[in-house]
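Listing of input_4.txt, compact mmCIF, C-alpha atoms and all ligand atoms
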# COMPACT_ATOMS: atom_id res chain seq x y z
CA MET A 17 0.00 0.00 0.00
CA ASN A 18 0.97 3.56 -0.48
CA LEU A 19 -0.11 6.30 1.86
CA GLN A 20 -0.31 9.25 -0.49
CA ARG A 21 -1.70 12.00 1.69
CA ILE A 22 -2.20 12.61 5.39
CA VAL A 23 -4.32 15.43 6.81
CA LEU A 24 -4.39 15.98 10.58
CA ASP A 25 -6.80 18.52 12.09
CA ASN A 26 -6.66 19.34 15.80
CA PHE A 27 -4.67 16.19 16.30
CA ARG A 28 -2.20 16.53 19.24
CA ASN A 29 -0.18 19.70 18.51
CA HIS A 30 -1.14 19.68 14.82
CA SER A 31 -3.89 22.25 14.15
CA SER A 32 -4.00 21.65 10.45
CA THR A 33 -1.22 19.66 8.81
CA LEU A 34 -1.22 18.31 5.28
CA ILE A 35 1.48 15.91 4.13
CA ASP A 36 1.98 14.65 0.60
CA CYS A 37 4.03 11.53 1.14
CA SER A 38 6.77 9.99 -0.91
CA PRO A 39 6.05 6.40 -1.95
CA GLY A 40 9.53 5.54 -0.62
CA VAL A 41 11.13 6.91 2.52
CA ASN A 42 9.60 9.81 4.45
CA LEU A 43 11.78 11.37 7.09
CA PHE A 44 10.25 13.66 9.74
CA LEU A 45 12.89 15.88 11.26
CA GLY A 46 12.85 18.40 14.08
CA ASN A 47 13.78 19.04 17.67
CA ASN A 48 12.27 17.24 20.63
CA GLY A 49 8.60 17.91 21.23
CA GLU A 50 7.85 19.49 17.83
CA GLY A 51 5.26 16.90 16.74
CA LYS A 52 7.09 14.18 14.76
CA THR A 53 5.81 11.14 16.64
CA ASN A 54 2.33 12.69 16.55
CA ILE A 55 2.38 12.28 12.77
CA LEU A 56 3.16 8.55 13.08
CA GLU A 57 0.39 8.32 15.65
CA GLY A 58 -1.93 9.89 13.09
CA ILE A 59 -0.91 7.22 10.57
CA SER A 60 -1.69 4.47 13.08
CA TYR A 61 -5.32 5.66 13.08
CA PHE A 62 -5.62 4.80 9.39
CA CYS A 63 -4.37 1.27 9.95
CA LEU A 64 -5.64 0.38 13.43
CA ALA A 65 -8.39 2.97 14.00
CA LYS A 66 -6.52 3.92 17.16
CA SER A 67 -3.25 5.29 18.46
CA PHE A 68 -0.30 2.94 18.62
CA TYR A 69 0.45 4.09 22.13
CA ALA A 70 -2.09 6.51 23.64
CA VAL A 71 -4.56 4.79 25.94
CA SER A 72 -7.52 6.91 24.92
CA ASP A 73 -8.63 8.90 21.89
CA SER A 74 -9.54 11.91 24.00
CA ILE A 75 -5.94 12.77 24.93
CA VAL A 76 -5.07 12.84 21.25
CA VAL A 77 -7.44 15.76 20.64
CA LYS A 78 -5.60 19.06 20.51
CA ILE A 79 -5.95 20.70 23.91
CA GLY A 80 -8.88 23.14 23.94
CA GLU A 81 -10.52 21.68 20.83
CA PRO A 82 -13.72 19.61 20.70
CA GLY A 83 -12.34 16.78 18.56
CA PHE A 84 -9.89 15.69 15.90
CA THR A 85 -10.13 14.60 12.28
CA ALA A 86 -7.51 12.46 10.55
CA THR A 87 -7.89 11.85 6.84
CA SER A 88 -5.78 9.88 4.43
CA LYS A 89 -5.59 8.89 0.81
CA ILE A 90 -4.28 5.38 0.31
CA LEU A 91 -3.49 3.49 -2.86
CA SER A 92 -3.61 -0.27 -2.37
CA ASP A 93 -1.17 -2.67 -4.06
CA SER A 94 -3.94 -3.50 -6.52
CA LYS A 95 -4.22 0.25 -7.31
CA VAL A 96 -7.57 0.83 -5.61
CA GLU A 97 -7.90 4.27 -4.02
CA TYR A 98 -9.23 4.62 -0.49
CA GLU A 99 -10.04 7.63 1.61
CA ILE A 100 -9.93 6.73 5.29
CA GLN A 101 -11.26 9.24 7.74
CA VAL A 102 -11.31 9.01 11.52
CA VAL A 103 -13.32 11.64 13.37
CA PHE A 104 -13.37 11.78 17.13
CA ASP A 105 -15.77 13.90 19.18
CA ARG A 106 -14.48 14.39 22.69
CA GLU A 107 -17.78 15.47 24.26
CA LEU A 108 -19.74 12.52 22.89
CA ASN A 109 -16.69 10.27 23.28
CA GLN A 110 -17.55 9.04 19.83
CA LYS A 111 -15.25 7.83 17.09
CA THR A 112 -16.47 7.56 13.52
CA VAL A 113 -14.43 5.73 10.90
CA THR A 114 -15.33 6.05 7.26
CA VAL A 115 -13.84 4.30 4.26
CA ASN A 116 -14.63 6.10 1.01
CA LYS A 117 -17.30 8.12 2.86
CA THR A 118 -19.08 4.97 4.07
CA ARG A 119 -19.15 4.55 7.82
CA ILE A 120 -17.87 1.23 9.10
CA ASP A 121 -19.71 -0.38 12.04
CA LYS A 122 -16.80 -1.56 14.07
CA ALA A 123 -13.56 0.37 14.13
CA SER A 124 -11.74 -2.95 14.51
CA SER A 125 -12.85 -4.10 11.06
CA LEU A 126 -10.25 -1.72 9.61
CA ILE A 127 -7.47 -3.81 11.17
CA GLY A 128 -5.56 -5.88 8.63
CA GLN A 129 -6.83 -4.06 5.58
CA PHE A 130 -4.00 -1.54 5.69
CA PRO A 131 -1.25 -3.40 7.52
CA VAL A 132 1.37 -1.54 9.53
CA VAL A 133 4.61 -2.51 11.24
CA ILE A 134 5.78 -0.24 14.04
CA LEU A 135 9.19 -0.01 15.63
CA SER A 136 9.58 2.44 18.49
CA PRO A 137 11.69 2.54 21.65
CA GLU A 138 8.79 1.20 23.77
CA GLN A 139 8.82 -1.98 21.68
CA SER A 140 12.05 -3.14 23.26
CA THR A 141 9.80 -4.72 25.91
CA ILE A 142 9.03 -7.44 23.35
CA THR A 143 12.37 -9.10 24.07
CA PHE A 144 13.16 -7.51 27.46
CA GLY A 145 9.73 -7.53 29.07
CA SER A 146 7.16 -9.87 30.54
CA PRO A 147 5.23 -12.68 28.79
CA ALA A 148 2.36 -10.21 28.36
CA ASP A 149 4.58 -8.02 26.16
CA ARG A 150 5.40 -10.95 23.89
CA ARG A 151 1.75 -12.04 23.74
CA ARG A 152 0.78 -8.51 22.77
CA PHE A 153 3.28 -8.55 19.90
CA ILE A 154 2.15 -11.94 18.59
CA ASP A 155 -1.52 -10.96 18.93
CA PHE A 156 -0.84 -7.72 17.09
CA VAL A 157 0.70 -9.52 14.11
CA MET A 158 -1.91 -12.26 14.07
CA SER A 159 -4.83 -9.84 14.41
CA GLN A 160 -3.69 -7.92 11.36
CA SER A 161 -3.41 -11.12 9.36
CA SER A 162 -6.60 -12.91 10.48
CA ARG A 163 -9.99 -11.37 11.12
CA ILE A 164 -11.18 -14.58 12.82
CA TYR A 165 -8.25 -14.51 15.22
CA LEU A 166 -8.99 -10.89 16.10
CA GLU A 167 -12.65 -11.73 16.76
CA ASN A 168 -11.61 -14.74 18.86
CA LEU A 169 -9.37 -12.50 20.95
CA ILE A 170 -12.09 -9.91 21.51
CA ASP A 171 -14.49 -12.70 22.53
CA TYR A 172 -11.94 -14.34 24.79
CA ARG A 173 -11.26 -11.08 26.66
CA ARG A 174 -14.98 -10.62 27.29
CA ILE A 175 -15.42 -14.22 28.51
CA LEU A 176 -12.34 -14.05 30.71
CA LYS A 177 -13.54 -10.83 32.31
CA GLN A 178 -16.89 -12.40 33.18
CA ARG A 179 -15.33 -15.59 34.49
CA ASN A 180 -12.87 -13.63 36.62
CA LYS A 181 -15.74 -11.59 38.01
CA ILE A 182 -17.49 -14.76 39.18
CA LEU A 183 -14.27 -16.16 40.65
CA SER A 184 -13.62 -12.92 42.44
CA GLU A 185 -17.16 -13.01 43.93
CA MET A 186 -16.53 -16.60 45.03
CA GLN A 187 -13.34 -15.46 46.69
CA THR A 188 -15.11 -12.77 48.71
CA THR A 189 -18.24 -14.72 49.60
CA ARG A 190 -16.38 -18.05 49.99
CA ASN A 191 -19.27 -19.73 48.21
CA GLU A 192 -18.59 -22.34 45.56
CA ASN A 193 -20.96 -21.43 42.76
CA ARG A 194 -20.30 -24.09 40.13
CA GLU A 195 -23.54 -23.42 38.28
CA ALA A 196 -22.64 -19.81 37.65
CA ILE A 197 -19.19 -20.63 36.33
CA GLU A 198 -19.99 -23.70 34.20
CA PRO A 199 -21.25 -21.87 31.05
CA TRP A 200 -18.25 -19.55 31.17
CA ASN A 201 -15.93 -22.55 31.36
CA ASP A 202 -17.44 -23.90 28.15
CA SER A 203 -17.01 -20.64 26.25
CA LEU A 204 -13.52 -20.08 27.65
CA ILE A 205 -12.48 -23.55 26.53
CA SER A 206 -14.04 -23.27 23.11
CA VAL A 207 -12.69 -19.83 22.15
CA GLY A 208 -9.42 -20.31 24.05
CA SER A 209 -8.62 -23.58 22.28
CA SER A 210 -9.19 -22.00 18.90
CA ILE A 211 -6.74 -19.20 19.82
CA MET A 212 -4.14 -21.67 21.05
CA LYS A 213 -4.34 -23.82 17.95
CA LYS A 214 -3.83 -20.74 15.77
CA ARG A 215 -0.93 -19.48 17.86
CA LYS A 216 0.91 -22.75 17.44
CA GLU A 217 0.33 -22.71 13.67
CA PHE A 218 1.41 -19.09 13.49
CA ILE A 219 4.70 -19.73 15.29
CA GLU A 220 5.45 -22.62 12.94
CA ASP A 221 5.03 -20.28 9.94
CA PHE A 222 6.64 -17.23 11.46
CA LYS A 223 9.69 -18.95 12.90
CA GLY A 224 11.40 -19.59 9.56
CA ILE A 225 10.85 -16.02 8.35
CA MET A 226 12.27 -14.72 11.61
CA VAL A 227 15.37 -16.94 11.44
CA ASP A 228 16.09 -15.72 7.88
CA ALA A 229 15.59 -12.11 8.94
CA TYR A 230 17.95 -12.55 11.87
CA ALA A 231 20.66 -14.04 9.65
CA ARG A 232 20.24 -11.14 7.24
CA LEU A 233 20.72 -8.63 10.05
CA SER A 234 23.41 -10.15 12.16
CA GLY A 235 25.46 -11.81 9.48
CA MET A 236 26.71 -14.08 12.24
CA SER A 237 26.17 -17.72 12.98
CA GLU A 238 23.85 -17.20 15.94
CA ARG A 239 20.77 -19.36 16.11
CA PRO A 240 17.60 -17.56 17.16
CA GLU A 241 14.55 -19.58 18.15
CA ILE A 242 10.91 -18.78 18.89
CA GLU A 243 8.82 -21.27 20.71
CA TYR A 244 5.22 -21.37 21.79
CA SER A 245 4.80 -22.45 25.38
CA PRO A 246 1.10 -22.81 26.23
CA SER A 247 -0.13 -22.51 29.81
CA PHE A 248 -0.97 -26.24 29.93
CA GLU A 249 0.27 -29.22 27.98
CA TYR A 250 -1.55 -31.13 25.24
CA VAL A 251 -0.41 -33.86 22.92
CA GLU A 252 -1.73 -32.74 19.54
CA ASN A 253 -2.53 -29.38 17.96
CA SER A 254 -6.17 -30.10 17.20
CA GLU A 255 -9.08 -28.22 18.74
CA ASN A 256 -10.63 -31.38 20.26
CA VAL A 257 -7.43 -32.38 21.98
CA ILE A 258 -6.73 -28.88 23.26
CA GLU A 259 -10.31 -28.54 24.52
CA ALA A 260 -10.07 -31.80 26.50
CA SER A 261 -6.76 -30.78 28.08
CA PHE A 262 -8.08 -27.29 28.80
CA LYS A 263 -11.09 -28.79 30.59
CA ASN A 264 -8.82 -30.97 32.68
CA ALA A 265 -6.52 -28.10 33.53
CA LEU A 266 -9.45 -25.95 34.67
CA GLN A 267 -10.77 -28.75 36.86
CA ASN A 268 -7.38 -29.25 38.47
CA GLN A 269 -6.97 -25.55 39.10
CA PHE A 270 -10.47 -24.77 40.28
CA SER A 271 -9.76 -24.71 44.02
CA ASP A 272 -6.74 -22.45 43.48
CA GLU A 273 -8.74 -20.18 41.18
CA ARG A 274 -11.46 -19.83 43.80
CA ARG A 275 -8.89 -19.00 46.42
CA ILE A 276 -7.13 -16.30 44.41
CA GLY A 277 -10.14 -15.09 42.43
CA TYR A 278 -9.01 -15.23 38.80
CA THR A 279 -8.44 -17.61 35.89
CA LEU A 280 -5.10 -19.42 35.90
CA MET A 281 -5.19 -21.35 32.64
CA GLY A 282 -5.66 -20.33 29.02
CA PRO A 283 -4.17 -18.21 26.25
CA HIS A 284 -3.88 -15.20 28.57
CA ARG A 285 -1.21 -17.16 30.46
CA ASP A 286 0.68 -18.47 27.42
CA GLU A 287 4.33 -17.63 26.93
CA PHE A 288 6.39 -17.23 23.79
CA ILE A 289 10.01 -18.10 24.41
CA PHE A 290 12.65 -16.25 22.44
CA GLN A 291 16.10 -17.79 22.51
CA ILE A 292 19.51 -17.21 20.99
CA ASN A 293 21.82 -20.22 20.89
CA GLU A 294 19.47 -22.02 23.24
CA LEU A 295 19.60 -19.33 25.92
CA HIS A 296 16.59 -17.21 26.86
CA ALA A 297 17.00 -13.84 25.17
CA LYS A 298 15.21 -12.12 28.07
CA ASN A 299 17.87 -13.19 30.56
CA PHE A 300 21.01 -13.79 28.57
CA ALA A 301 21.08 -11.71 25.38
CA SER A 302 23.48 -8.78 25.07
CA GLN A 303 22.17 -5.30 24.25
CA GLY A 304 23.14 -5.79 20.62
CA GLN A 305 21.50 -9.21 20.43
CA HIS A 306 18.29 -7.77 21.87
CA LYS A 307 18.28 -5.11 19.16
CA THR A 308 18.98 -7.60 16.41
CA PHE A 309 16.25 -9.88 17.71
CA LEU A 310 13.73 -7.06 17.83
CA VAL A 311 14.53 -5.77 14.35
CA ALA A 312 14.43 -9.35 13.02
CA LEU A 313 10.96 -9.77 14.54
CA LYS A 314 9.86 -6.56 12.85
CA LEU A 315 11.32 -7.57 9.49
CA ALA A 316 9.62 -10.95 9.79
CA GLU A 317 6.37 -9.19 10.71
CA PHE A 318 6.69 -7.06 7.58
CA PHE A 319 7.16 -10.01 5.23
CA TYR A 320 4.61 -12.20 7.02
CA LEU A 321 1.92 -9.51 6.76
CA LYS A 322 2.83 -8.69 3.17
CA ASN A 323 2.20 -12.29 2.29
CA ARG A 324 -0.89 -12.89 4.43
CA CYS A 325 -2.73 -9.64 3.84
CA ASN A 326 -1.84 -9.47 0.14
CA GLU A 327 -0.88 -5.91 0.85
CA THR A 328 2.56 -4.41 1.49
CA PRO A 329 2.57 -2.99 5.02
CA ILE A 330 3.88 0.47 5.78
CA LEU A 331 6.76 0.69 8.21
CA LEU A 332 6.82 3.27 11.00
CA LEU A 333 10.19 3.83 12.66
CA ASP A 334 9.84 6.18 15.59
CA ASP A 335 13.08 7.55 16.90
CA VAL A 336 15.00 4.34 16.45
CA LEU A 337 17.82 5.38 14.13
CA SER A 338 20.07 6.41 16.98
CA GLU A 339 19.14 3.31 18.97
CA LEU A 340 19.97 0.79 16.30
CA ASP A 341 23.48 0.88 14.98
CA GLU A 342 24.17 1.84 11.43
CA TYR A 343 24.67 -1.73 10.25
CA ARG A 344 21.29 -2.98 11.48
CA CYS A 345 19.65 0.17 10.20
CA ARG A 346 21.06 -0.24 6.74
CA ARG A 347 20.02 -3.85 6.59
CA LEU A 348 16.51 -3.07 7.80
CA LEU A 349 16.00 -0.27 5.32
CA GLU A 350 17.59 -2.24 2.49
CA ALA A 351 15.17 -5.04 3.13
CA VAL A 352 12.08 -2.86 3.32
CA ALA A 353 12.62 0.34 1.37
CA ASN A 354 12.73 -1.33 -2.02
CA THR A 355 9.31 -2.89 -1.54
CA GLY A 356 7.48 -0.68 0.90
CA GLN A 357 6.83 2.79 2.17
CA VAL A 358 8.66 3.92 5.28
CA PHE A 359 7.99 6.74 7.76
CA ILE A 360 10.87 7.66 10.03
CA THR A 361 11.27 10.25 12.76
CA SER A 362 14.61 11.59 13.86
CA THR A 363 16.15 14.65 15.46
CA ASN A 364 19.22 14.16 13.27
CA GLU A 365 18.93 15.56 9.77
CA HIS A 366 21.82 13.38 8.65
CA ALA A 367 20.43 10.18 10.14
CA LEU A 368 20.10 8.52 6.76
CA ASP A 369 23.24 9.91 5.17
CA GLY A 370 25.54 7.16 4.05
CA LEU A 371 22.74 4.66 3.69
CA SER A 372 23.18 4.43 -0.05
CA VAL A 373 20.07 2.41 -0.63
CA VAL A 374 17.66 5.01 0.72
CA SER A 375 19.60 8.22 0.34
CA ALA A 376 18.39 8.34 -3.26
CA ASN A 377 14.89 9.47 -2.43
CA PRO A 378 13.96 10.22 1.16
CA ARG A 379 11.53 13.10 1.35
CA LYS A 380 12.46 15.25 4.33
CA PHE A 381 9.77 17.04 6.30
CA PHE A 382 10.96 19.59 8.82
CA VAL A 383 8.47 19.66 11.69
CA LYS A 384 8.20 22.68 13.95
CA GLN A 385 5.55 23.34 16.60
CA GLY A 386 2.99 21.10 15.01
CA ARG A 387 3.53 22.33 11.45
CA ILE A 388 5.50 21.24 8.44
CA GLU A 389 7.90 24.09 8.05
CA ARG A 390 9.73 22.95 4.95
CA VAL A 391 9.90 19.93 2.62
CA GLU A 392 13.01 18.78 0.82
CA ASP A 393 13.06 16.07 -1.75
CA SER A 394 16.56 14.64 -1.69
CA ALA A 395 16.04 13.10 -5.08
CA LYS A 396 15.59 16.55 -6.61
CA ILE A 397 18.31 18.21 -4.58
CA ASN A 398 21.10 15.71 -5.26
N1 LIG B 401 -3.46 16.67 22.99
C1 LIG B 401 -2.47 17.54 22.72
N2 LIG B 401 -2.76 18.81 22.37
C2 LIG B 401 -1.78 19.70 22.08
N3 LIG B 401 -0.48 19.42 22.13
C3 LIG B 401 -0.13 18.16 22.48
C4 LIG B 401 -1.11 17.17 22.79
N4 LIG B 401 -0.46 16.02 23.10
C5 LIG B 401 0.85 16.30 23.01
N5 LIG B 401 1.05 17.57 22.62
C6 LIG B 401 2.34 18.23 22.38
O1 LIG B 401 2.99 17.55 21.32
C7 LIG B 401 4.38 17.63 21.51
C8 LIG B 401 5.00 16.26 21.44
O2 LIG B 401 4.91 15.80 20.15
P1 LIG B 401 5.72 14.54 19.67
O3 LIG B 401 5.67 13.49 20.69
O4 LIG B 401 5.25 14.26 18.31
O5 LIG B 401 7.19 15.15 19.66
P2 LIG B 401 8.45 14.64 18.84
O6 LIG B 401 8.71 15.63 17.77
O7 LIG B 401 8.25 13.25 18.44
O8 LIG B 401 9.57 14.78 19.95
P3 LIG B 401 10.77 13.79 20.36
O9 LIG B 401 11.87 14.04 19.38
O10 LIG B 401 11.13 14.25 21.71
O11 LIG B 401 10.26 12.41 20.32
C9 LIG B 401 4.63 18.19 22.88
O12 LIG B 401 5.08 19.52 22.71
C10 LIG B 401 3.29 18.13 23.54
O13 LIG B 401 3.10 19.18 24.43
MG MG B 402 8.98 11.47 19.22
Entire entry expressed as structure tokens:
Amino acid sequence: MNLQRIVLDNFRNHSSTLIDCSPGVNLFLGNNGEGKTNILEGISYFCLAKSFYAVSDSIVVKIGEPGFTATSKILSDSKVEYEIQVVFDRELNQKTVTVNKTRIDKASSLIGQFPVVILSPEQSTITFGSPADRRRFIDFVMSQSSRIYLENLIDYRRILKQRNKILSEMQTTRNENREAIEPWNDSLISVGSSIMKKRKEFIEDFKGIMVDAYARLSGMSERPEIEYSPSFEYVENSENVIEASFKNALQNQFSDERRIGYTLMGPHRDEFIFQINELHAKNFASQGQHKTFLVALKLAEFFYLKNRCNETPILLLDDVLSELDEYRCRRLLEAVANTGQVFITSTNEHALDGLSVVSANPRKFFVKQGRIERVEDSAKIN
């Protein structure tokens, strides 16, 4: 896909910003706090119908304004034009998403249609952080590539919340209310098993792409590994078998669950284990290995989504050029910039200098106090 135009109105510190994007590399430059990341956040609304990091839409509205509007023109790989518009009204707390002027019912149905891969400093938690951080990453990739998986996840969260509510009541009242929990067990098992089966299949597919990406980046003979480690064991990756084991696991855990008041088994307790040379990355990897692992995951995400969604994702790199060393950076951009569109923020105007593969055509946008002050097309200048 190709994001051709972005218009942000009353969005963060952007009162009214219009950006005509390059189909290749777009570099947003400026000092700290000028509004560079805000532009990437705007882009995330076109792909996810929400911010990639803000917890609520209302804080994205420019202070003192009643709401924001973000509009884009997108050309798909198959050359179909789309206008995506997201309008948020702070007072009504209402978000309206339209695709070619037609309102879509659920904002989430936008997810996957215009795939996006995001690399920002916060994402280092994927390799450094808790199991929840790794689950979030895997769920993010899978949700963009499968509508059914996304719906399963939304369902599962709802069911889990209800089941936890009942367990928590049992904990306070000390009453064992099996009748109240039974129907929730059935739904938890059914939806949960479907998620687990898909996670296992996903890791099998994704693993190879990730290993190739890692080799491309590190150029060394390190062996990365990704493994799915479900919260309970089962002998075969079929829904029936998982369901039976899930049922067993819940029965065995029931007294503990009642005591502590929440659900102990299921996809929300799964772990994804990332290893390098058979050692857990989380505990043993060096700083450089962490970075390589993370960039390899992102590269793999890019190629996996490109294949699955039949649409080339856009790549958002927020403030990562100084974090990654030049070698990794070059490799990442070499791999992506020839096929896809990239949006990069940096405080360093020369961040891409010397990267021969992209220096040919980055379009530079100088951002100042929520405005685009100046645009330079390197292709024309050089
Ligand atoms: N809702 C809002 N309304 C108005 N201004 C906002 C709002 N939210 C954030 N800002 C302002 O936006 C600016 C931050 O923008 P942004 O995070 O895009 O900066 P940046 O250019 O990426 O900076 P850095 O290089 O430090 O990452 C801050 O000056 C902040 O005060
Ligand atoms: Mg920033």
**Request:** Could you check which of A:Ser136, A:Asn42, A:Glu198, A:Val311 is closest to ligand MG 402 (chain B), using only C-alpha atoms and all ligand atoms?
**Result:**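 Ranking A:Ser136, A:Asn42, A:Glu198, A:Val311 by distance to ligand MG 402 (chain B), first place goes to A:Ser136.
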**Request:** Compile the contact shell of segment 168-179 of chain A as a ChimeraX atom specification: residues with an atom at most 10 Å away, counting only C-alpha atoms, same-chain residues fewer than 4 positions apart removed.
**Result:** /A:124,155,159,162-164,183-185,196-211,277-279,282-284
Would you put the residues from that selection into a file with C-alpha atoms, as a PDB file, keeping the file's coordinate frame?
ATOM      1  CA  SER A 124     -11.740  -2.950  14.510  1.00  0.00           C
ATOM      2  CA  ASP A 155      -1.520 -10.960  18.930  1.00  0.00           C
ATOM      3  CA  SER A 159      -4.830  -9.840  14.410  1.00  0.00           C
ATOM      4  CA  SER A 162      -6.600 -12.910  10.480  1.00  0.00           C
ATOM      5  CA  ARG A 163      -9.990 -11.370  11.120  1.00  0.00           C
ATOM      6  CA  ILE A 164     -11.180 -14.580  12.820  1.00  0.00           C
ATOM      7  CA  LEU A 183     -14.270 -16.160  40.650  1.00  0.00           C
ATOM      8  CA  SER A 184     -13.620 -12.920  42.440  1.00  0.00           C
ATOM      9  CA  GLU A 185     -17.160 -13.010  43.930  1.00  0.00           C
ATOM     10  CA  ALA A 196     -22.640 -19.810  37.650  1.00  0.00           C
ATOM     11  CA  ILE A 197     -19.190 -20.630  36.330  1.00  0.00           C
ATOM     12  CA  GLU A 198     -19.990 -23.700  34.200  1.00  0.00           C
ATOM     13  CA  PRO A 199     -21.250 -21.870  31.050  1.00  0.00           C
ATOM     14  CA  TRP A 200     -18.250 -19.550  31.170  1.00  0.00           C
ATOM     15  CA  ASN A 201     -15.930 -22.550  31.360  1.00  0.00           C
ATOM     16  CA  ASP A 202     -17.440 -23.900  28.150  1.00  0.00           C
ATOM     17  CA  SER A 203     -17.010 -20.640  26.250  1.00  0.00           C
ATOM     18  CA  LEU A 204     -13.520 -20.080  27.650  1.00  0.00           C
ATOM     19  CA  ILE A 205     -12.480 -23.550  26.530  1.00  0.00           C
ATOM     20  CA  SER A 206     -14.040 -23.270  23.110  1.00  0.00           C
ATOM     21  CA  VAL A 207     -12.690 -19.830  22.150  1.00  0.00           C
ATOM     22  CA  GLY A 208      -9.420 -20.310  24.050  1.00  0.00           C
ATOM     23  CA  SER A 209      -8.620 -23.580  22.280  1.00  0.00           C
ATOM     24  CA  SER A 210      -9.190 -22.000  18.900  1.00  0.00           C
ATOM     25  CA  ILE A 211      -6.740 -19.200  19.820  1.00  0.00           C
ATOM     26  CA  GLY A 277     -10.140 -15.090  42.430  1.00  0.00           C
ATOM     27  CA  TYR A 278      -9.010 -15.230  38.800  1.00  0.00           C
ATOM     28  CA  THR A 279      -8.440 -17.610  35.890  1.00  0.00           C
ATOM     29  CA  GLY A 282      -5.660 -20.330  29.020  1.00  0.00           C
ATOM     30  CA  PRO A 283      -4.170 -18.210  26.250  1.00  0.00           C
ATOM     31  CA  HIS A 284      -3.880 -15.200  28.570  1.00  0.00           C
TER      32      HIS A 284
END
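With distances restricted to all atoms listed in the file, A:Lys52 is the closest residue to ligand LIG 401 (chain B) from A:Lys111, A:Lys214, A:Lys52, A:Arg285.
Between atom CA of Ser146 of chain A and atom CA of Ile225 of chain A lies a distance of 23.3 Å.
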Could you give me, as CSV, a per-residue list for chain A showing, wherever an atom lies at most 7 Å from an atom of ligand LIG 401 (chain B), the closest pair of atoms and their distance in Å to one decimal, using all atoms listed in the file and sorting by chain then residue number from low to high?
residue,atom,partner,partner_atom,distance
A:Phe27,CA,B:LIG401,N1,6.8
A:Arg28,CA,B:LIG401,C1,3.6
A:Asn29,CA,B:LIG401,N3,3.6
A:Gly46,CA,B:LIG401,O6,6.2
A:Asn47,CA,B:LIG401,O9,5.6
A:Asn48,CA,B:LIG401,O10,3.4
A:Gly49,CA,B:LIG401,O5,3.5
A:Glu50,CA,B:LIG401,O6,4.0
A:Gly51,CA,B:LIG401,O4,3.1
A:Lys52,CA,B:LIG401,O6,3.7
A:Thr53,CA,B:LIG401,O4,3.6
A:Asn54,CA,B:LIG401,O4,3.8
A:Ile55,CA,B:LIG401,O4,6.5
A:Ile75,CA,B:LIG401,N1,5.0
A:Val76,CA,B:LIG401,N1,4.5
A:Val77,CA,B:LIG401,N1,4.7
A:Lys78,CA,B:LIG401,N2,3.4
A:Ile79,CA,B:LIG401,N2,4.0
A:Asp335,CA,B:LIG401,O11,6.6
A:Ser362,CA,B:LIG401,O9,6.6
A:Thr363,CA,B:LIG401,O9,5.8
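Using all atoms listed in the file, the nearest neighbour of ligand MG 402 (chain B) within the list A:Asp334, A:Asp93, A:Glu259, A:Glu217 is A:Asp334.
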**Request:** Provide the atom CA of Ala70 of chain A to atom MG of ligand MG 402 (chain B) distance in Å, to one decimal place.
**Result:**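 Between atom CA of Ala70 of chain A and atom MG of ligand MG 402 (chain B) the gap works out to 12.9 Å.
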**Request:** To one decimal in Å, tell me the separation between atom CA of Arg387 of chain A and atom CA of Gly83 of chain A.
**Result:** 18.3 Å
Identify, on the basis of all atoms listed in the file, every residue whose closest approach to Tyr320 of chain A does not exceed 8 Å; exclude the query and any residue fewer than 3 positions from it along the same chain; express the result as a tab-separated table (two decimals) with C-alpha atoms, in the coordinates of the input.
chain	number	residue	atom	x	y	z
A	222	PHE	CA	6.64	-17.23	11.46
A	225	ILE	CA	10.85	-16.02	8.35
A	316	ALA	CA	9.62	-10.95	9.79
A	317	GLU	CA	6.37	-9.19	10.71
A	323	ASN	CA	2.20	-12.29	2.29
A	324	ARG	CA	-0.89	-12.89	4.43
**Request:** Name the residues in contact with Gly235 of chain A at a cut-off of 12 Å, using only C-alpha atoms, excluding same-chain residues fewer than 3 positions from it; report them as a ChimeraX atom specification.
**Result:** /A:227-232,238-239,305,308,312,343-344,347
**Message:** Just checking: using all atoms listed in the file, which residue out of A:Lys223, A:Lys263, A:Phe288, A:Arg190 ends up closest to Arg152 of chain A?
**Reply:** A:Phe288
**Request:** Please check which residues have atoms at most 12 Å from (13.0, -6.3, 31.7) in the file's coordinates, counting only C-alpha atoms, and write them as a list in words.
**Result:**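 Protein and nucleic acid residues near the point are Glu138, Gln139, Ser140, Thr141, Ile142, Thr143, Phe144, Gly145, Ser146, Pro147, Ala148, Asp149, Arg150, Ala297, Lys298, Asn299, Phe300, Ala301, Gln303 and His306 of chain A.
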**Residue neighbourhood Val115 of chain A, 10 Å, only C-alpha atoms, exclusion window fewer than 5 positions, as a list in words** =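 In the requested form, the answer reads Phe62, Thr87, Ser88, Tyr98, Glu99, Ile100, Gln101, Val102, Ile120 and Leu126 of chain A.
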